[in-house]
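Enquirer: Below is the file final_26.txt, with compact mmCIF, C-alpha atoms and all ligand atoms.
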```
# COMPACT_ATOMS: atom_id res chain seq x y z
CA MET F 1 245.61 -18.46 -10.23
CA GLY F 2 242.95 -16.71 -8.23
CA GLU F 3 240.19 -17.92 -10.54
CA ASN F 4 237.79 -18.93 -7.85
CA GLU F 5 236.09 -16.08 -6.06
CA LEU F 6 235.02 -18.24 -3.16
CA VAL F 7 238.63 -19.28 -2.56
CA GLU F 8 239.75 -15.64 -2.76
CA ARG F 9 237.26 -14.80 -0.04
CA LEU F 10 238.33 -17.77 2.06
CA LEU F 11 241.96 -16.72 1.81
CA SER F 12 241.08 -13.22 2.93
CA GLY F 13 239.53 -14.68 6.08
CA ASN F 14 235.85 -14.70 5.16
CA ARG F 15 233.96 -17.07 7.46
CA ARG F 16 230.99 -17.54 5.18
CA ALA F 17 233.28 -18.55 2.35
CA LEU F 18 234.83 -21.15 4.63
CA ALA F 19 231.39 -22.48 5.60
CA ARG F 20 230.29 -22.64 1.96
CA ILE F 21 233.41 -24.42 0.85
CA ILE F 22 233.00 -27.06 3.54
CA SER F 23 229.36 -27.52 2.47
CA LYS F 24 230.54 -28.06 -1.07
CA ILE F 25 233.03 -30.65 0.17
CA GLU F 26 230.25 -32.41 2.05
CA GLY F 27 227.92 -32.24 -0.92
CA GLU F 28 230.59 -33.61 -3.29
CA ASP F 29 230.21 -30.55 -5.48
CA PRO F 30 232.19 -30.89 -8.75
CA GLU F 31 233.68 -27.46 -8.02
CA VAL F 32 235.59 -28.93 -5.08
CA ARG F 33 238.39 -30.13 -7.28
CA ASP F 34 239.27 -26.61 -8.44
CA ILE F 35 238.70 -25.18 -4.98
CA ILE F 36 241.15 -27.60 -3.41
CA SER F 37 243.74 -27.14 -6.11
CA GLU F 38 243.65 -23.39 -5.49
CA LEU F 39 243.71 -23.45 -1.73
CA TYR F 40 246.15 -26.31 -1.27
CA PRO F 41 249.32 -24.19 -1.67
CA HIS F 42 248.08 -22.16 1.31
CA THR F 43 248.08 -25.13 3.67
CA GLY F 44 250.62 -27.27 5.47
CA GLU F 45 251.65 -25.05 8.36
CA ALA F 46 248.95 -25.85 10.91
CA ILE F 47 249.28 -27.99 14.01
CA THR F 48 246.90 -30.90 13.35
CA VAL F 49 245.61 -33.14 16.10
CA GLY F 50 243.23 -36.10 15.80
CA PHE F 51 241.10 -37.16 18.75
CA THR F 52 239.57 -40.56 18.78
CA GLY F 53 237.89 -42.72 21.38
CA PRO F 54 234.54 -44.15 22.39
CA PRO F 55 231.50 -41.89 22.71
CA GLY F 56 231.07 -40.15 26.04
CA VAL F 57 234.68 -40.26 27.21
CA GLY F 58 234.93 -36.48 27.05
CA LYS F 59 236.60 -35.71 23.72
CA SER F 60 234.46 -32.65 22.98
CA SER F 61 234.94 -31.34 26.52
CA ILE F 62 238.71 -31.64 26.25
CA ILE F 63 238.70 -30.02 22.82
CA ALA F 64 236.70 -27.09 24.20
CA LYS F 65 239.35 -26.59 26.88
CA LEU F 66 242.20 -26.94 24.38
CA ILE F 67 240.61 -24.27 22.19
CA GLU F 68 240.69 -21.94 25.18
CA LEU F 69 244.37 -22.65 25.81
CA TYR F 70 245.33 -22.11 22.17
CA ARG F 71 243.27 -18.93 22.07
CA GLU F 72 245.29 -17.61 25.03
CA GLU F 73 248.31 -17.85 22.73
CA ASP F 74 246.29 -16.04 20.09
CA LYS F 75 246.23 -19.08 17.84
CA LYS F 76 243.24 -19.54 15.54
CA VAL F 77 241.57 -22.92 15.94
CA GLY F 78 239.41 -25.03 13.62
CA VAL F 79 237.57 -28.19 14.63
CA VAL F 80 236.28 -30.86 12.27
CA SER F 81 233.98 -33.15 14.18
CA VAL F 82 232.65 -36.39 12.80
CA ASP F 83 231.13 -37.38 16.09
CA PRO F 84 227.41 -37.89 15.42
CA SER F 85 226.73 -37.24 19.11
CA SER F 86 228.56 -33.94 18.85
CA PRO F 87 227.00 -30.93 20.58
CA PHE F 88 225.59 -29.66 17.31
CA THR F 89 224.41 -30.83 13.98
CA LYS F 90 224.28 -28.32 11.14
CA GLY F 91 224.96 -25.49 13.54
CA ALA F 92 222.08 -26.31 15.86
CA ILE F 93 223.07 -26.75 19.46
CA LEU F 94 221.64 -29.86 21.00
CA GLY F 95 220.42 -29.99 24.56
CA ASP F 96 222.79 -28.86 27.28
CA ARG F 97 225.89 -29.70 25.35
CA ILE F 98 227.03 -26.16 24.87
CA ARG F 99 230.70 -26.51 25.74
CA LEU F 100 232.04 -26.22 22.23
CA SER F 101 229.45 -23.66 21.33
CA ASP F 102 231.01 -21.15 23.74
CA HIS F 103 233.44 -20.63 20.93
CA PHE F 104 230.79 -19.97 18.30
CA LEU F 105 231.02 -16.31 19.14
CA ASP F 106 234.77 -16.19 18.73
CA ARG F 107 235.73 -15.22 15.19
CA ASN F 108 239.02 -17.03 15.46
CA VAL F 109 237.39 -20.36 16.14
CA PHE F 110 235.45 -22.39 13.61
CA ILE F 111 233.76 -25.65 14.47
CA ARG F 112 232.13 -27.86 11.91
CA SER F 113 230.44 -31.25 12.18
CA MET F 114 230.58 -33.49 9.15
CA GLY F 115 227.87 -35.92 8.16
CA THR F 116 228.76 -39.57 8.23
CA ARG F 117 227.33 -40.50 4.85
CA GLY F 118 229.34 -41.80 1.93
CA HIS F 119 231.97 -39.61 0.40
CA LEU F 120 234.31 -39.90 -2.49
CA GLY F 121 237.55 -40.68 -0.74
CA GLY F 122 235.61 -41.76 2.31
CA LEU F 123 234.71 -39.80 5.37
CA ALA F 124 238.38 -39.45 6.18
CA GLY F 125 238.93 -37.82 2.79
CA ALA F 126 236.10 -35.34 3.24
CA SER F 127 237.13 -34.36 6.74
CA GLN F 128 240.71 -33.91 5.62
CA LEU F 129 239.56 -31.57 2.87
CA ALA F 130 237.49 -29.61 5.39
CA GLY F 131 240.62 -29.36 7.54
CA LEU F 132 242.61 -28.08 4.57
CA ALA F 133 239.97 -25.40 3.97
CA MET F 134 240.37 -24.37 7.60
CA GLU F 135 244.14 -24.20 7.23
CA ALA F 136 243.85 -22.04 4.12
CA TYR F 137 241.43 -19.78 6.00
CA GLY F 138 244.25 -19.19 8.47
CA MET F 139 243.73 -21.64 11.30
CA ASP F 140 246.94 -22.28 13.22
CA VAL F 141 245.53 -25.39 14.82
CA VAL F 142 243.09 -27.91 13.31
CA LEU F 143 241.54 -30.50 15.60
CA TYR F 144 239.70 -33.55 14.31
CA GLU F 145 237.23 -35.33 16.55
CA THR F 146 236.04 -38.79 15.69
CA VAL F 147 234.00 -41.21 17.70
CA GLY F 148 234.71 -44.89 17.92
CA VAL F 149 237.53 -47.29 18.45
CA GLY F 150 236.95 -49.02 15.12
CA GLN F 151 239.25 -48.71 12.13
CA GLY F 152 237.03 -46.69 9.78
CA GLU F 153 236.59 -43.75 12.09
CA VAL F 154 240.16 -43.88 13.19
CA GLU F 155 241.32 -42.98 9.69
CA VAL F 156 239.90 -39.52 10.24
CA ALA F 157 242.15 -38.95 13.22
CA SER F 158 245.16 -40.75 11.84
CA ALA F 159 245.66 -38.22 9.05
CA ALA F 160 246.61 -35.69 11.73
CA ASP F 161 250.21 -35.17 12.85
CA THR F 162 249.41 -36.11 16.43
CA VAL F 163 246.81 -38.72 17.34
CA ILE F 164 245.27 -38.74 20.79
CA LEU F 165 243.32 -41.73 22.01
CA ALA F 166 240.90 -40.73 24.76
CA LEU F 167 239.70 -43.41 27.16
CA GLN F 168 237.75 -43.39 30.36
CA PRO F 169 238.19 -45.54 33.46
CA GLY F 170 236.09 -48.54 34.23
CA ALA F 171 234.64 -49.15 30.78
CA GLY F 172 237.06 -51.76 29.47
CA ASP F 173 237.95 -49.22 26.78
CA SER F 174 241.63 -49.98 26.75
CA VAL F 175 241.17 -53.65 25.99
CA GLN F 176 238.71 -52.82 23.22
CA ALA F 177 241.03 -50.23 21.74
CA LEU F 178 243.85 -52.72 21.82
CA LYS F 179 241.80 -55.33 20.02
CA ALA F 180 240.77 -52.85 17.35
CA GLY F 181 244.42 -51.90 16.80
CA VAL F 182 243.75 -48.30 17.76
CA MET F 183 246.28 -48.32 20.57
CA GLU F 184 249.02 -48.71 17.97
CA ILE F 185 248.28 -45.45 16.21
CA ALA F 186 248.01 -43.34 19.37
CA ASP F 187 250.83 -40.86 19.98
CA ILE F 188 249.35 -39.75 23.26
CA ILE F 189 246.88 -41.56 25.50
CA CYS F 190 244.49 -39.45 27.46
CA ILE F 191 242.68 -40.98 30.40
CA ASN F 192 239.81 -38.61 30.94
CA LYS F 193 237.50 -38.43 33.94
CA ALA F 194 240.47 -38.45 36.29
CA ASP F 195 237.93 -37.85 39.07
CA HIS F 196 236.68 -41.41 38.58
CA PRO F 197 237.71 -43.79 41.41
CA GLN F 198 239.20 -46.25 38.91
CA ALA F 199 241.22 -43.66 37.00
CA LYS F 200 244.60 -44.67 38.42
CA GLY F 201 243.86 -48.32 37.76
CA ALA F 202 242.96 -47.56 34.17
CA ALA F 203 246.22 -45.67 33.68
CA SER F 204 248.34 -48.55 34.96
CA GLU F 205 246.37 -51.01 32.85
CA VAL F 206 247.09 -48.92 29.76
CA ARG F 207 250.73 -48.52 30.78
CA SER F 208 251.26 -52.26 30.99
CA ILE F 209 249.59 -52.79 27.61
CA LEU F 210 251.89 -50.15 26.10
CA GLU F 211 254.99 -51.70 27.67
CA ILE F 212 254.19 -55.07 26.16
CA GLY F 213 253.75 -53.35 22.80
CA HIS F 214 257.11 -51.65 23.25
CA GLU F 215 258.88 -54.95 23.92
CA LEU F 216 257.51 -56.27 20.65
CA ASP F 217 258.62 -53.18 18.75
CA PRO F 218 261.44 -51.40 20.61
CA ASP F 219 261.74 -48.69 17.93
CA ALA F 220 258.25 -47.41 18.62
CA PRO F 221 258.21 -44.70 21.29
CA ILE F 222 255.95 -45.34 24.27
CA PRO F 223 253.10 -42.84 24.10
CA PRO F 224 252.78 -40.67 27.19
CA ILE F 225 249.66 -41.12 29.31
CA VAL F 226 247.96 -37.93 30.47
CA MET F 227 245.20 -37.85 33.07
CA THR F 228 242.63 -35.17 32.35
CA ARG F 229 239.27 -33.80 33.41
CA GLY F 230 237.13 -32.54 30.60
CA ASP F 231 234.62 -31.01 32.97
CA ASN F 232 237.02 -28.61 34.70
CA GLY F 233 240.01 -28.63 32.38
CA GLU F 234 242.48 -30.27 34.77
CA GLY F 235 245.41 -31.83 32.92
CA VAL F 236 244.52 -30.32 29.56
CA GLU F 237 247.46 -27.91 29.82
CA GLU F 238 249.73 -30.95 30.17
CA LEU F 239 247.99 -32.60 27.22
CA LYS F 240 248.76 -29.52 25.16
CA GLU F 241 252.42 -29.69 26.22
CA LYS F 242 252.58 -33.32 25.13
CA ILE F 243 251.17 -32.36 21.75
CA GLY F 244 253.97 -29.80 21.40
CA GLU F 245 256.61 -32.32 22.48
CA HIS F 246 255.32 -34.89 20.02
CA ARG F 247 255.52 -32.35 17.20
CA GLU F 248 259.08 -31.50 18.12
CA PHE F 249 259.97 -35.17 18.17
CA LEU F 250 258.45 -35.67 14.70
CA GLN F 251 260.29 -32.68 13.29
CA GLU F 252 263.66 -33.44 14.84
CA SER F 253 263.62 -37.15 14.02
CA GLY F 254 262.51 -36.64 10.44
CA ARG F 255 259.39 -38.67 11.07
CA MET F 256 257.13 -35.76 10.17
CA LYS F 257 258.09 -36.16 6.54
CA GLU F 258 257.41 -39.91 6.63
CA ARG F 259 254.09 -39.29 8.28
CA HIS F 260 253.03 -36.76 5.69
CA GLN F 261 254.08 -39.06 2.89
CA ALA F 262 252.03 -41.88 4.38
CA SER F 263 248.92 -39.78 4.79
CA ILE F 264 249.18 -38.31 1.30
CA ARG F 265 249.62 -41.81 -0.12
CA GLU F 266 246.58 -42.92 1.84
CA PHE F 267 244.50 -40.03 0.53
CA ILE F 268 245.46 -40.51 -3.09
CA LEU F 269 244.86 -44.23 -2.98
CA SER F 270 241.50 -44.08 -1.26
CA TRP F 271 240.25 -41.24 -3.47
CA ALA F 272 241.32 -42.99 -6.65
CA THR F 273 239.96 -46.34 -5.49
CA ASN F 274 236.59 -44.88 -4.58
CA LYS F 275 236.35 -43.02 -7.83
CA MET F 276 237.25 -46.08 -9.84
CA GLU F 277 234.77 -48.24 -7.97
CA LYS F 278 232.01 -45.74 -8.55
CA GLU F 279 232.75 -45.57 -12.25
CA MET F 280 232.89 -49.31 -12.63
CA GLN F 281 229.58 -49.69 -10.83
CA GLU F 282 227.94 -47.14 -13.09
CA ARG F 283 229.37 -48.72 -16.20
CA LEU F 284 228.31 -52.18 -15.19
CA SER F 285 224.77 -51.23 -14.30
CA ARG F 286 224.13 -49.03 -17.35
CA GLU F 287 226.27 -49.47 -20.40
CA ASP F 288 227.65 -52.90 -19.91
CA THR F 289 224.61 -55.08 -19.35
CA GLU F 290 225.99 -56.60 -22.52
CA LEU F 291 229.06 -57.73 -20.61
CA VAL F 292 226.94 -59.39 -17.93
CA GLU F 293 224.85 -61.13 -20.57
CA LYS F 294 227.95 -62.48 -22.29
CA VAL F 295 229.03 -64.10 -19.05
CA ARG F 296 225.54 -65.45 -18.39
CA LYS F 297 225.45 -67.04 -21.85
CA ARG F 298 228.88 -68.56 -21.26
CA GLU F 299 230.40 -66.60 -24.13
CA LEU F 300 232.86 -65.05 -21.69
CA ASP F 301 234.19 -66.12 -18.29
CA PRO F 302 233.69 -63.80 -15.30
CA ILE F 303 237.39 -63.10 -14.69
CA SER F 304 237.92 -61.94 -18.27
CA ALA F 305 234.80 -59.78 -17.94
CA ALA F 306 236.19 -58.20 -14.77
CA GLU F 307 239.51 -57.47 -16.48
CA THR F 308 237.72 -55.93 -19.43
CA LEU F 309 235.77 -53.64 -17.13
CA TYR F 310 238.90 -52.72 -15.19
CA ARG F 311 240.85 -51.90 -18.35
CA GLU F 312 238.02 -49.79 -19.76
CA VAL F 313 237.90 -47.67 -16.66
N1 LIG F 401 233.00 -36.76 35.80
C1 LIG F 401 233.50 -36.31 34.67
N2 LIG F 401 232.68 -36.09 33.62
C2 LIG F 401 233.22 -35.62 32.49
C3 LIG F 401 234.60 -35.35 32.36
N3 LIG F 401 234.84 -34.92 31.11
C4 LIG F 401 233.66 -34.91 30.47
N4 LIG F 401 232.68 -35.34 31.29
C5 LIG F 401 231.25 -35.49 30.97
O1 LIG F 401 231.11 -36.62 30.11
C6 LIG F 401 230.04 -36.42 29.19
C7 LIG F 401 230.49 -36.66 27.77
O2 LIG F 401 231.38 -35.65 27.38
P1 LIG F 401 231.70 -35.29 25.86
O3 LIG F 401 232.79 -34.28 25.88
O4 LIG F 401 230.48 -34.95 25.11
O5 LIG F 401 232.27 -36.69 25.34
P2 LIG F 401 232.57 -37.19 23.84
O6 LIG F 401 231.42 -37.99 23.39
O7 LIG F 401 233.80 -38.04 23.98
O8 LIG F 401 232.83 -35.99 23.00
C8 LIG F 401 229.54 -35.01 29.43
O9 LIG F 401 228.40 -35.08 30.24
C9 LIG F 401 230.68 -34.35 30.17
O10 LIG F 401 230.28 -33.32 31.02
C10 LIG F 401 235.44 -35.59 33.49
O11 LIG F 401 236.64 -35.41 33.47
N5 LIG F 401 234.82 -36.06 34.63
MG MG F 402 231.97 -35.37 21.15
```
Go ahead and express the file in the form of structure tokens.
Expert:
Amino acid sequence: MGENELVERLLSGNRRALARIISKIEGEDPEVRDIISELYPHTGEAITVGFTGPPGVGKSSIIAKLIELYREEDKKVGVVSVDPSSPFTKGAILGDRIRLSDHFLDRNVFIRSMGTRGHLGGLAGASQLAGLAMEAYGMDVVLYETVGVGQGEVEVASAADTVILALQPGAGDSVQALKAGVMEIADIICINKADHPQAKGAASEVRSILEIGHELDPDAPIPPIVMTRGDNGEGVEELKEKIGEHREFLQESGRMKERHQASIREFILSWATNKMEKEMQERLSREDTELVEKVRKRELDPISAAETLYREV
């Protein structure tokens, strides 16, 4: 124990160590395996919240306000953002989007954008590891922001204990989210831009979609709908309360355990699958041209070749 100096520094609250560890996670550094195994016992206590939704609905704005509210309770907050349109890339603040960057100066807040390139274990895996590093550093709350209403990106958010789907009025978002199956994984629906003239209409549209879903599966709780304003923070307090209520529900009903089991299973499976695929690809392109040739010459059938490769790996 305590072999890794970088982890020691992270655990003692060193910001630079946290930043370096996340860079290593992003860069798929071989050291990551040891780093995670050492820091993992120091995780598991944080409130984790995943935000998903189309670009421009106001996710980052709401997160900035939530950070403020958690800071008022003296909670430390980490943000893992995989939104490519996020206010900053690699620490550089883009344009006028400085909302999240207000918190750059606060030592108890750490915000990190992740690249969207390929990762072992997928983007969801990498962002989860970054979140774990933040937990080990001492964050009481870890927020994940992910753009999109498609399945791939949603995985990032769905590893969190509470998933918030953010939508905006008048964009047909709710129908799209429904089609993509994202509505099903939302624990809370946030209709942002409550100042929009069609905000109330959007909320009732979402409500009727949710009620139909509830009739089909009466065991599933109906997610609450919260109207918010990312620009001035209206409703974000209520959103925070709903996050707390959802956590209590998970803990009291025993569903927290099930949820954790599911996300751990998901992580293990996707990491192992990615690793195996990578190894098989390498083998097939380098060492086993022989195997391909055998199939080409009809000395071996392709299914048997595939099983050989699979067994070797
Ligand atoms: N009118 C209005 N604009 C908002 C509201 N919340 C956020 N915005 C604006 O919407 C734009 C996109 O916000 P952003 O937080 O970057 O969205 P994200 O892409 O979902 O993270 C920004 O220009 C915000 O100022 C809101 O409640 N009302
Ligand atoms: Mg954003």
Enquirer: Mind running chain F against ligand LIG 401 (chain F) at 8 Å and telling me each contacting residue's nearest atom pair with the distance in Å (one decimal), counting all atoms listed in the file, chain and number ascending, as a Markdown table?
Expert:
```
| residue | atom | partner | partner_atom | distance |
| --- | --- | --- | --- | --- |
| F:Gly53 | CA | F:LIG401 | O7 | 6.7 |
| F:Pro54 | CA | F:LIG401 | O7 | 6.4 |
| F:Pro55 | CA | F:LIG401 | O6 | 4.0 |
| F:Gly56 | CA | F:LIG401 | O6 | 3.4 |
| F:Val57 | CA | F:LIG401 | O7 | 4.0 |
| F:Gly58 | CA | F:LIG401 | O5 | 3.2 |
| F:Lys59 | CA | F:LIG401 | O7 | 3.7 |
| F:Ser60 | CA | F:LIG401 | O8 | 3.7 |
| F:Ser61 | CA | F:LIG401 | O3 | 3.7 |
| F:Ile62 | CA | F:LIG401 | O3 | 6.5 |
| F:Ile63 | CA | F:LIG401 | O3 | 7.9 |
| F:Asp83 | CA | F:LIG401 | O8 | 7.3 |
| F:Ser85 | CA | F:LIG401 | O6 | 6.4 |
| F:Ser86 | CA | F:LIG401 | O8 | 6.3 |
| F:Pro87 | CA | F:LIG401 | O4 | 7.0 |
| F:Arg97 | CA | F:LIG401 | O4 | 7.0 |
| F:Glu145 | CA | F:LIG401 | O8 | 7.8 |
| F:Val147 | CA | F:LIG401 | O6 | 7.0 |
| F:Ala166 | CA | F:LIG401 | O7 | 7.6 |
| F:Asn192 | CA | F:LIG401 | O11 | 5.2 |
| F:Lys193 | CA | F:LIG401 | O11 | 3.2 |
| F:Ala194 | CA | F:LIG401 | O11 | 5.6 |
| F:Asp195 | CA | F:LIG401 | N5 | 5.7 |
| F:His196 | CA | F:LIG401 | N1 | 6.5 |
| F:Thr228 | CA | F:LIG401 | O11 | 6.1 |
| F:Arg229 | CA | F:LIG401 | O11 | 3.1 |
| F:Gly230 | CA | F:LIG401 | N3 | 3.3 |
| F:Asp231 | CA | F:LIG401 | N3 | 4.3 |
| F:Asn232 | CA | F:LIG401 | O11 | 6.9 |
| F:Gly233 | CA | F:LIG401 | O11 | 7.6 |
| F:Glu234 | CA | F:LIG401 | O11 | 7.9 |
```
Enquirer: Nearest to ligand MG 402 (chain F) among F:Gln176, F:Ser37, F:Thr289, F:Ser113, with distances taken over only C-alpha atoms and all ligand atoms: which residue is it?
Expert: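 Once distances to ligand MG 402 (chain F) are computed over only C-alpha atoms and all ligand atoms, the minimum belongs to F:Ser113.
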Enquirer: Quick one: residues within 8 Å of stretch 300-310 of chain F, all atoms listed in the file counted, chain neighbours fewer than 6 positions away excluded, as an mmCIF file with C-alpha atoms, in the frame of the given file?
Expert:
```cif
data_model
loop_
_atom_site.group_PDB
_atom_site.id
_atom_site.type_symbol
_atom_site.label_atom_id
_atom_site.label_comp_id
_atom_site.auth_asym_id
_atom_site.auth_seq_id
_atom_site.Cartn_x
_atom_site.Cartn_y
_atom_site.Cartn_z
ATOM 1 C CA MET F 280 232.890 -49.310 -12.630
ATOM 2 C CA LEU F 284 228.310 -52.180 -15.190
ATOM 3 C CA LEU F 291 229.060 -57.730 -20.610
ATOM 4 C CA VAL F 292 226.940 -59.390 -17.930
ATOM 5 C CA LYS F 294 227.950 -62.480 -22.290
#
```
Enquirer: Around all of stretch 161-173 of chain F's listed atoms, make the axis-aligned box with 6 Å on each side and tell me centre and edge lengths in Å to one decimal, as AutoDock Vina command-line options.
Expert:
```
--center_x 242.4 --center_y -43.5 --center_z 23.5 --size_x 27.6 --size_y 28.6 --size_z 33.4
```
Enquirer: Would you mind reading off the distance between atom CA of F:Cys190 and atom CA of F:Val226, one decimal, in Å?
Expert: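 Atom-to-atom, atom CA of F:Cys190 and atom CA of F:Val226 are spaced 4.8 Å apart.
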Enquirer: Let me make sure I understand: among F:Arg112, F:Arg298, F:Arg286, F:His214, which one has the smallest atom-to-atom distance to ligand MG 402 (chain F) if we use all atoms listed in the file?
Expert: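 The shortest atom-to-atom distance to ligand MG 402 (chain F) comes from F:Arg112.
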